[in-house]
Structures are given as C-alpha cells and as structure tokens.
Amino acid sequence: MSITWETIRETMLHARQVRRLDGDARPLIAEIGRMREEGSDIPGATALLDLVEAATRGRVAIGQSGQTLDGRIATQRGHSHYVNGPEALDHLHRLRALADAVIVGSGTLRADDPSLTVRRCAGENPTRVVLSGNGTVPQDRKLFTDELAPTMVTGVDLPCEPDENGIVDPRGVLDSLSAIGLDVVLVEGGAATLSHFLRARCLDRLHVMVAPTILGSGRQGVMLEEVETMGDALRFSSARYDLGADTLFDLVPQR
C-alpha cells in the first residue's frame, strides 16, 4: 500500500508532539523508515519523510529554491510564473503544509505580494514571517489583509534587532520562532533572504527544484560573496528525485 500525503502530514503532527514533549523519538523514526520502504506515488515523498524525521529529532530550518538549469529564478524584469512545473509547485505547497512557519524577505513581500498559504494540497497554513531590517513593511499586502494565517514581522512581532548594517541575524530569527513553538521553518525566499541564511549556515536542509530550462540571463537564485578557490564553496550531500519534468535536489550541508 502506497504512503499517502495524509499519512505524511499525520506523521509530522506526531513528530511535533514527540519534540515538544521531549519524548522518545526512536519508535517514530523506525516507523518513518518503514514508510520509506513501503514507498509512495507522491513525487519527492522520500525527501518529505526525511524532513519529518529531522523534525522528530529537533528543530529544523529548510530552504527552497525553484530555478532553471543556469540558476535563474526569474527574468531580469522579474517574471517568474512559472519557472517550475506543477509537480514542483505541489512540492512547495507540501513543504508549507509541513512547516510551522514560512519566511520571506521584505523585498519579496513588496515585489510579489505572496500569500504563502497551502492551496495545492491538504494542510494547515503556516505562520508567515517577514524579514525586515527596520520593521517597516507595506500593510496593504495579502499577508496583512487576507486573515488566512498569522503574520509576524521581525523587529515588531519578533525580538530580532538588526545589526549596524540593518541585517537581521538569521539564527536569532530561528531562536525567536523556536521560543514560541515554531520549530520547523521554511525559508522560501527571495534570493537575498535564502542567501542570507546560507551565508550564516543556518539551514539544515535545502530543496532546490531545477527546471530543464535555460534563460541565459535573469535573476540568480543564490547570491554569495566571491570565493577564490573551490575549497571555499559550500558543499552538500545530495539525493535527487523526479518532480515531473523537474529535478529535486534534497541537500544537506556538510558542516
């Protein structure tokens, strides 16, 4: 019998209970192992189960990026609907449904006016978090008007003070969210925010969904400082899964 999405969701709820009650995670981890062996018709199901297992062991921050073969997430003018196909979009919504909170930067809030809700699968909407260096964000965006899920802003609803350059510490954001019971955090974007968390080495996992498309120009999915040698590159262990025509890279940083 193939594992269903509902079973994966229920297992994440069980993981949350084990984590919050500081219970014995071993029985649930063993059950997740049996679920992997049983298999699922859901594209990327093993990657989702790996996330659930990580959440059983403790808090976890996962980043995501949908991009082309040459690492672009949008054209130079910002058009991005859609870089990835429907199966990859389904996967993104499943990640939202498994997360306690989803983070975006204030630039993405202004440019894209995202909802950050769960629409392409069954599941609860996560708490939405806007990363802002000064706490000032446009209040007319969907996150503040649709009443579909709580929305928090760093420096206003979360005690995360920026540094002298107006940069909010990613680890401080994760600590503040964990302090209020939001332990499974999806860093959804945009590129600057994802890069910020990568730079700080605050991500436990990274899901990169790559479309078989080349733009040749446009906005990069990751923007980090120049390195001199390949020895300075960020390295990951990797598993790969088909998401329709796209490929999911399930990445775990090498510490």
# chains A, B, ... in the order shown; residues from 1 in each chain; ligands from 1

$ residues_around --residues "range 49-52 of chain A" --least-positions-apart "6" --cutoff "12 Å" --atoms "only C-alpha atoms" --output "number ranges by chain"
A: 3-5, 7-16, 18-19, 25, 28-40, 42-43, 58-63, 94-99, 183-186, 204-207, 239, 250-252

$ residues_around --residues "Thr68 in chain A" --least-positions-apart "3" --cutoff "7 Å" --atoms "only C-alpha atoms" --output "list in words"
Gly71, Arg72, Ile73, Val83, Val210, Ala211, Pro212, Thr213 and Ile214 of chain A

$ write_last_selection --atoms "all heavy atoms" --output "CSV table (one decimal), in the first residue's frame"
chain,number,residue,atom,x,y,z
A,71,GLY,N,20.5,28.4,-13.0
A,71,GLY,CA,20.4,29.0,-11.7
A,71,GLY,C,19.6,30.3,-11.6
A,71,GLY,O,19.7,31.0,-10.6
A,72,ARG,N,18.7,30.5,-12.6
A,72,ARG,CA,17.9,31.7,-12.6
A,72,ARG,C,16.5,31.4,-12.0
A,72,ARG,O,15.9,30.4,-12.2
A,72,ARG,CB,17.7,32.2,-14.0
A,72,ARG,CG,19.0,32.3,-14.8
A,72,ARG,CD,19.9,33.4,-14.4
A,72,ARG,NE,21.1,33.4,-15.2
A,72,ARG,CZ,22.0,34.4,-15.2
A,72,ARG,NH1,21.8,35.4,-14.4
A,72,ARG,NH2,23.1,34.3,-15.9
A,73,ILE,N,16.0,32.4,-11.2
A,73,ILE,CA,14.7,32.2,-10.6
A,73,ILE,C,13.6,33.1,-11.3
A,73,ILE,O,12.4,33.0,-11.0
A,73,ILE,CB,14.7,32.5,-9.1
A,73,ILE,CG1,15.2,33.9,-8.8
A,73,ILE,CG2,15.6,31.5,-8.4
A,73,ILE,CD1,15.1,34.3,-7.3
A,83,VAL,N,8.7,29.3,-13.3
A,83,VAL,CA,9.9,28.6,-13.6
A,83,VAL,C,9.8,27.1,-13.6
A,83,VAL,O,10.2,26.4,-14.5
A,83,VAL,CB,11.0,29.0,-12.6
A,83,VAL,CG1,12.3,28.2,-12.8
A,83,VAL,CG2,11.3,30.5,-12.8
A,210,VAL,N,14.9,22.1,-9.9
A,210,VAL,CA,15.5,22.6,-11.2
A,210,VAL,C,14.7,22.2,-12.4
A,210,VAL,O,14.4,21.0,-12.6
A,210,VAL,CB,17.0,22.0,-11.3
A,210,VAL,CG1,17.6,22.6,-12.6
A,210,VAL,CG2,17.8,22.4,-10.1
A,211,ALA,N,14.3,23.2,-13.1
A,211,ALA,CA,13.6,23.0,-14.4
A,211,ALA,C,14.5,22.8,-15.5
A,211,ALA,O,15.6,23.4,-15.6
A,211,ALA,CB,12.7,24.2,-14.6
A,212,PRO,N,14.1,22.0,-16.5
A,212,PRO,CA,15.0,21.8,-17.7
A,212,PRO,C,14.9,22.9,-18.7
A,212,PRO,O,14.5,22.8,-19.8
A,212,PRO,CB,14.4,20.5,-18.3
A,212,PRO,CG,13.0,20.5,-17.9
A,212,PRO,CD,12.9,21.2,-16.6
A,213,THR,N,15.3,24.1,-18.2
A,213,THR,CA,15.2,25.4,-18.9
A,213,THR,C,16.5,26.2,-18.7
A,213,THR,O,17.0,26.2,-17.7
A,213,THR,CB,14.0,26.2,-18.4
A,213,THR,OG1,12.8,25.4,-18.4
A,213,THR,CG2,13.8,27.4,-19.2
A,214,ILE,N,16.9,26.9,-19.8
A,214,ILE,CA,18.0,27.8,-19.7
A,214,ILE,C,17.5,29.2,-20.1
A,214,ILE,O,16.9,29.4,-21.2
A,214,ILE,CB,19.2,27.4,-20.6
A,214,ILE,CG1,19.8,26.1,-20.0
A,214,ILE,CG2,20.2,28.5,-20.6
A,214,ILE,CD1,20.9,25.5,-20.9

$ residues_around --residues "Leu234 in chain A" --least-positions-apart "6" --cutoff "10 Å" --atoms "only C-alpha atoms" --output "PDB file with N, CA, C and O atoms, in the first residue's frame"
ATOM      1  N   LEU A 198      21.901  30.941   4.004  1.00  0.00           N
ATOM      2  CA  LEU A 198      23.010  30.092   3.582  1.00  0.00           C
ATOM      3  C   LEU A 198      24.340  30.645   4.090  1.00  0.00           C
ATOM      4  O   LEU A 198      25.197  29.905   4.590  1.00  0.00           O
ATOM      5  N   ARG A 199      24.520  31.941   3.944  1.00  0.00           N
ATOM      6  CA  ARG A 199      25.759  32.583   4.382  1.00  0.00           C
ATOM      7  C   ARG A 199      25.998  32.363   5.866  1.00  0.00           C
ATOM      8  O   ARG A 199      27.135  32.145   6.311  1.00  0.00           O
ATOM      9  N   ARG A 201      24.955  29.886   7.512  1.00  0.00           N
ATOM     10  CA  ARG A 201      24.987  28.432   7.739  1.00  0.00           C
ATOM     11  C   ARG A 201      23.908  28.021   8.753  1.00  0.00           C
ATOM     12  O   ARG A 201      24.159  27.253   9.679  1.00  0.00           O
ATOM     13  N   PRO A 253      23.717  20.336   4.239  1.00  0.00           N
ATOM     14  CA  PRO A 253      25.043  20.960   4.282  1.00  0.00           C
ATOM     15  C   PRO A 253      26.070  20.070   4.963  1.00  0.00           C
ATOM     16  O   PRO A 253      25.777  19.391   5.948  1.00  0.00           O
ATOM     17  N   GLN A 254      27.271  20.074   4.425  1.00  0.00           N
ATOM     18  CA  GLN A 254      28.399  19.417   5.071  1.00  0.00           C
ATOM     19  C   GLN A 254      29.011  20.412   6.052  1.00  0.00           C
ATOM     20  O   GLN A 254      29.554  21.434   5.637  1.00  0.00           O
ATOM     21  N   ARG A 255      28.889  20.142   7.324  1.00  0.00           N
ATOM     22  CA  ARG A 255      29.325  21.094   8.352  1.00  0.00           C
ATOM     23  C   ARG A 255      30.849  21.115   8.475  1.00  0.00           C
ATOM     24  O   ARG A 255      31.507  20.110   8.324  1.00  0.00           O
TER      25      ARG A 255
END

$ atom_distance --atom1 "CA of Gln220 in chain A" --atom2 "CA of Gly189 in chain A"
11.9 Å

$ select_by_dssp --residues "range 140-189 of chain A" --states "strand (DSSP E)" --output "CSV table (one decimal) with N, CA and C atoms, in the first residue's frame"
chain,number,residue,atom,x,y,z
A,151,THR,N,0.6,36.5,10.7
A,151,THR,CA,1.8,37.1,10.0
A,151,THR,C,2.6,37.9,11.1
A,152,MET,N,3.9,37.7,11.1
A,152,MET,CA,4.8,38.3,12.0
A,152,MET,C,5.9,39.0,11.2
A,153,VAL,N,6.4,40.2,11.8
A,153,VAL,CA,7.4,40.9,11.2
A,153,VAL,C,8.6,41.0,12.2
A,184,VAL,N,9.8,24.1,13.0
A,184,VAL,CA,10.0,23.7,11.6
A,184,VAL,C,9.8,24.9,10.7
A,185,VAL,N,10.9,25.4,10.2
A,185,VAL,CA,10.8,26.7,9.5
A,185,VAL,C,11.2,26.6,8.0
A,186,LEU,N,10.4,27.0,7.1
A,186,LEU,CA,10.7,27.0,5.7
A,186,LEU,C,11.1,28.4,5.3
A,187,VAL,N,12.4,28.5,4.8
A,187,VAL,CA,12.9,29.8,4.2
A,187,VAL,C,12.6,29.8,2.7
A,188,GLU,N,11.5,30.5,2.4
A,188,GLU,CA,11.0,30.4,1.0
A,188,GLU,C,11.7,31.3,0.0
A,189,GLY,N,12.1,32.5,0.5
A,189,GLY,CA,12.7,33.4,-0.5
A,189,GLY,C,12.5,34.9,0.0

$ closest_residue --among "A:Thr127, A:Ser115, A:Ser237, A:Asn84" --to "Thr145 in chain A" --atoms "only C-alpha atoms"
A:Ser115

$ select_by_dssp --residues "range 181-250 of chain A" --states "alpha helix (DSSP H)" --output "PDB file with N, CA and C atoms, in the first residue's frame"
ATOM      1  N   ALA A 191      15.726  35.441  -3.192  1.00  0.00           N
ATOM      2  CA  ALA A 191      17.116  35.040  -3.308  1.00  0.00           C
ATOM      3  C   ALA A 191      17.988  35.665  -2.225  1.00  0.00           C
ATOM      4  N   ALA A 192      17.769  36.934  -1.913  1.00  0.00           N
ATOM      5  CA  ALA A 192      18.587  37.602  -0.899  1.00  0.00           C
ATOM      6  C   ALA A 192      18.397  36.969   0.469  1.00  0.00           C
ATOM      7  N   THR A 193      17.155  36.637   0.809  1.00  0.00           N
ATOM      8  CA  THR A 193      16.872  36.019   2.114  1.00  0.00           C
ATOM      9  C   THR A 193      17.442  34.611   2.190  1.00  0.00           C
ATOM     10  N   LEU A 194      17.238  33.816   1.142  1.00  0.00           N
ATOM     11  CA  LEU A 194      17.806  32.467   1.121  1.00  0.00           C
ATOM     12  C   LEU A 194      19.326  32.529   1.226  1.00  0.00           C
ATOM     13  N   SER A 195      19.941  33.444   0.500  1.00  0.00           N
ATOM     14  CA  SER A 195      21.395  33.594   0.552  1.00  0.00           C
ATOM     15  C   SER A 195      21.861  34.019   1.933  1.00  0.00           C
ATOM     16  N   HIS A 196      21.072  34.841   2.588  1.00  0.00           N
ATOM     17  CA  HIS A 196      21.381  35.316   3.938  1.00  0.00           C
ATOM     18  C   HIS A 196      21.467  34.132   4.909  1.00  0.00           C
ATOM     19  N   PHE A 197      20.512  33.214   4.802  1.00  0.00           N
ATOM     20  CA  PHE A 197      20.510  32.043   5.678  1.00  0.00           C
ATOM     21  C   PHE A 197      21.616  31.062   5.300  1.00  0.00           C
ATOM     22  N   LEU A 198      21.901  30.941   4.004  1.00  0.00           N
ATOM     23  CA  LEU A 198      23.010  30.092   3.582  1.00  0.00           C
ATOM     24  C   LEU A 198      24.340  30.645   4.090  1.00  0.00           C
ATOM     25  N   ARG A 199      24.520  31.941   3.944  1.00  0.00           N
ATOM     26  CA  ARG A 199      25.759  32.583   4.382  1.00  0.00           C
ATOM     27  C   ARG A 199      25.998  32.363   5.866  1.00  0.00           C
TER      28      ARG A 199
END
